[in-house]
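Colleague: Take a look at model15.cif, mmCIF, N, CA and C atoms:
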data_final
#
loop_
_atom_site.label_atom_id
_atom_site.label_comp_id
_atom_site.auth_asym_id
_atom_site.auth_seq_id
_atom_site.Cartn_x
_atom_site.Cartn_y
_atom_site.Cartn_z
N MET Z 38 -5.67 -11.00 20.39
CA MET Z 38 -5.09 -10.82 21.71
C MET Z 38 -5.65 -9.55 22.35
N ARG Z 39 -6.17 -9.66 23.56
CA ARG Z 39 -6.69 -8.50 24.28
C ARG Z 39 -5.57 -7.80 25.03
N HIS Z 40 -5.58 -6.49 24.96
CA HIS Z 40 -4.59 -5.69 25.69
C HIS Z 40 -5.25 -5.11 26.93
N PRO Z 41 -4.48 -4.89 27.99
CA PRO Z 41 -5.02 -4.18 29.14
C PRO Z 41 -5.44 -2.77 28.71
N PRO Z 42 -6.26 -2.10 29.50
CA PRO Z 42 -6.65 -0.73 29.16
C PRO Z 42 -5.43 0.16 28.91
N LEU Z 43 -5.61 1.14 28.02
CA LEU Z 43 -4.50 2.02 27.64
C LEU Z 43 -3.89 2.71 28.85
N SER Z 44 -4.71 3.13 29.80
CA SER Z 44 -4.15 3.84 30.96
C SER Z 44 -3.22 2.94 31.77
N ARG Z 45 -3.57 1.66 31.89
CA ARG Z 45 -2.70 0.73 32.63
C ARG Z 45 -1.40 0.49 31.85
N ARG Z 46 -1.52 0.35 30.54
CA ARG Z 46 -0.31 0.14 29.72
C ARG Z 46 0.60 1.37 29.79
N PHE Z 47 0.03 2.56 29.82
CA PHE Z 47 0.83 3.77 29.94
C PHE Z 47 1.55 3.79 31.28
N SER Z 48 0.85 3.45 32.34
CA SER Z 48 1.47 3.41 33.67
C SER Z 48 2.61 2.40 33.73
N GLN Z 49 2.42 1.26 33.08
CA GLN Z 49 3.48 0.25 33.05
C GLN Z 49 4.69 0.76 32.29
N ALA Z 50 4.46 1.51 31.21
CA ALA Z 50 5.57 2.06 30.43
C ALA Z 50 6.36 3.06 31.27
N VAL Z 51 5.66 3.89 32.04
CA VAL Z 51 6.34 4.85 32.91
C VAL Z 51 7.16 4.12 33.95
N ASP Z 52 6.61 3.05 34.52
CA ASP Z 52 7.35 2.25 35.49
C ASP Z 52 8.61 1.65 34.87
N GLU Z 53 8.51 1.22 33.61
CA GLU Z 53 9.68 0.65 32.94
C GLU Z 53 10.80 1.69 32.79
N LEU Z 54 10.44 2.95 32.62
CA LEU Z 54 11.45 3.99 32.49
C LEU Z 54 12.29 4.15 33.76
N ARG Z 55 11.76 3.71 34.89
CA ARG Z 55 12.47 3.82 36.17
C ARG Z 55 13.34 2.60 36.48
N SER Z 56 13.32 1.62 35.60
CA SER Z 56 14.04 0.37 35.85
C SER Z 56 15.55 0.58 35.86
N ASP Z 57 16.24 -0.28 36.59
CA ASP Z 57 17.70 -0.28 36.58
C ASP Z 57 18.26 -0.94 35.32
N SER Z 58 17.44 -1.74 34.65
CA SER Z 58 17.87 -2.47 33.46
C SER Z 58 17.73 -1.60 32.20
N PRO Z 59 18.83 -1.40 31.47
CA PRO Z 59 18.74 -0.62 30.24
C PRO Z 59 17.74 -1.20 29.23
N GLY Z 60 17.65 -2.52 29.15
CA GLY Z 60 16.72 -3.14 28.21
C GLY Z 60 15.26 -2.86 28.56
N VAL Z 61 14.97 -2.88 29.85
CA VAL Z 61 13.60 -2.59 30.30
C VAL Z 61 13.28 -1.11 30.05
N ARG Z 62 14.24 -0.23 30.32
CA ARG Z 62 14.03 1.21 30.06
C ARG Z 62 13.79 1.45 28.58
N LEU Z 63 14.52 0.76 27.72
CA LEU Z 63 14.32 0.91 26.29
C LEU Z 63 12.90 0.49 25.89
N GLY Z 64 12.41 -0.56 26.50
CA GLY Z 64 11.03 -0.97 26.26
C GLY Z 64 10.05 0.12 26.67
N GLY Z 65 10.35 0.82 27.77
CA GLY Z 65 9.51 1.92 28.22
C GLY Z 65 9.53 3.10 27.26
N VAL Z 66 10.63 3.27 26.54
CA VAL Z 66 10.73 4.33 25.55
C VAL Z 66 9.87 4.00 24.33
N HIS Z 67 9.86 2.74 23.93
CA HIS Z 67 9.11 2.33 22.74
C HIS Z 67 7.63 2.09 23.02
N ALA Z 68 7.25 1.89 24.25
CA ALA Z 68 5.86 1.58 24.59
C ALA Z 68 4.87 2.64 24.16
N PRO Z 69 5.17 3.94 24.27
CA PRO Z 69 4.17 4.94 23.82
C PRO Z 69 3.83 4.82 22.34
N ALA Z 70 4.76 4.41 21.51
CA ALA Z 70 4.45 4.23 20.09
C ALA Z 70 3.45 3.09 19.91
N ASP Z 71 3.63 2.01 20.67
CA ASP Z 71 2.67 0.91 20.60
C ASP Z 71 1.30 1.35 21.10
N LEU Z 72 1.28 2.14 22.16
CA LEU Z 72 0.01 2.65 22.68
C LEU Z 72 -0.69 3.52 21.64
N ALA Z 73 0.06 4.37 20.98
CA ALA Z 73 -0.52 5.24 19.96
C ALA Z 73 -1.09 4.42 18.80
N ASP Z 74 -0.40 3.35 18.44
CA ASP Z 74 -0.90 2.50 17.36
C ASP Z 74 -2.21 1.81 17.73
N ASP Z 75 -2.36 1.47 19.01
CA ASP Z 75 -3.54 0.74 19.46
C ASP Z 75 -4.68 1.64 19.90
N ALA Z 76 -4.43 2.93 20.06
CA ALA Z 76 -5.46 3.86 20.54
C ALA Z 76 -6.49 4.11 19.45
N PRO Z 77 -7.74 4.29 19.86
CA PRO Z 77 -8.77 4.60 18.86
C PRO Z 77 -8.50 5.97 18.23
N ALA Z 78 -8.44 6.01 16.92
CA ALA Z 78 -8.05 7.23 16.19
C ALA Z 78 -9.00 8.39 16.46
N GLU Z 79 -10.28 8.11 16.67
CA GLU Z 79 -11.22 9.21 16.87
C GLU Z 79 -11.04 9.90 18.22
N TYR Z 80 -10.37 9.25 19.17
CA TYR Z 80 -10.16 9.85 20.48
C TYR Z 80 -8.74 10.37 20.67
N LEU Z 81 -7.78 9.68 20.11
CA LEU Z 81 -6.38 10.03 20.32
C LEU Z 81 -5.62 10.08 19.01
N PRO Z 82 -5.84 11.10 18.19
CA PRO Z 82 -5.12 11.16 16.91
C PRO Z 82 -3.62 11.29 17.13
N GLN Z 83 -2.85 10.67 16.25
CA GLN Z 83 -1.39 10.73 16.36
C GLN Z 83 -0.87 11.94 15.61
N THR Z 84 0.19 12.52 16.16
CA THR Z 84 0.92 13.59 15.49
C THR Z 84 2.35 13.15 15.40
N CYS Z 85 2.91 13.19 14.20
CA CYS Z 85 4.31 12.80 13.99
C CYS Z 85 5.16 14.05 13.90
N ILE Z 86 6.26 14.05 14.61
CA ILE Z 86 7.19 15.18 14.61
C ILE Z 86 8.57 14.66 14.24
N ASP Z 87 9.19 15.25 13.24
CA ASP Z 87 10.53 14.87 12.86
C ASP Z 87 11.51 15.73 13.66
N ALA Z 88 12.19 15.10 14.60
CA ALA Z 88 13.11 15.83 15.47
C ALA Z 88 14.55 15.69 14.99
N GLY Z 89 14.73 15.18 13.79
CA GLY Z 89 16.07 14.92 13.30
C GLY Z 89 16.61 16.04 12.58
#
Could I get this structure in the form of structure tokens?
Modeller:
Amino acid sequence: MRHPPLSRRFSQAVDELRSDSPGVRLGGVHAPADLADDAPAEYLPQTCIDAG
């Protein structure tokens, strides 16, 4: 399955955060994790932070 470019997916996630629907906003919260998983590691390394 082909994904849209990362920049477009990021913009869509930001738009979801503005939604009136709590379910859509929750999707916008989880979208950056999906983007990080799909990003090329050599360009966008992930950093994990335990905020708990």
Colleague: Name all residues at most 6.5 Å from segment 63-70 of chain Z (count only N, CA and C atoms; drop same-chain ones fewer than 4 positions away) and give them as a PyMOL selection string.
Modeller: chain Z and resi 49-51+53-54+58-59+74-75
Colleague: Atom CA of Pro77 of chain Z and atom CA of Asp52 of chain Z are how many Å apart?
Modeller: 23.3 Å
Colleague: Mind giving me the straight-line distance from atom C of Val61 of chain Z to atom CA of Pro42 of chain Z in Å, one decimal?
Modeller: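 Answer for the atom C of Val61 of chain Z to atom CA of Pro42 of chain Z separation: 20.0 Å.
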Colleague: Take atom N of Arg62 of chain Z and atom C of Phe47 of chain Z and report the distance between them in Å, one decimal.
Modeller: 13.3 Å
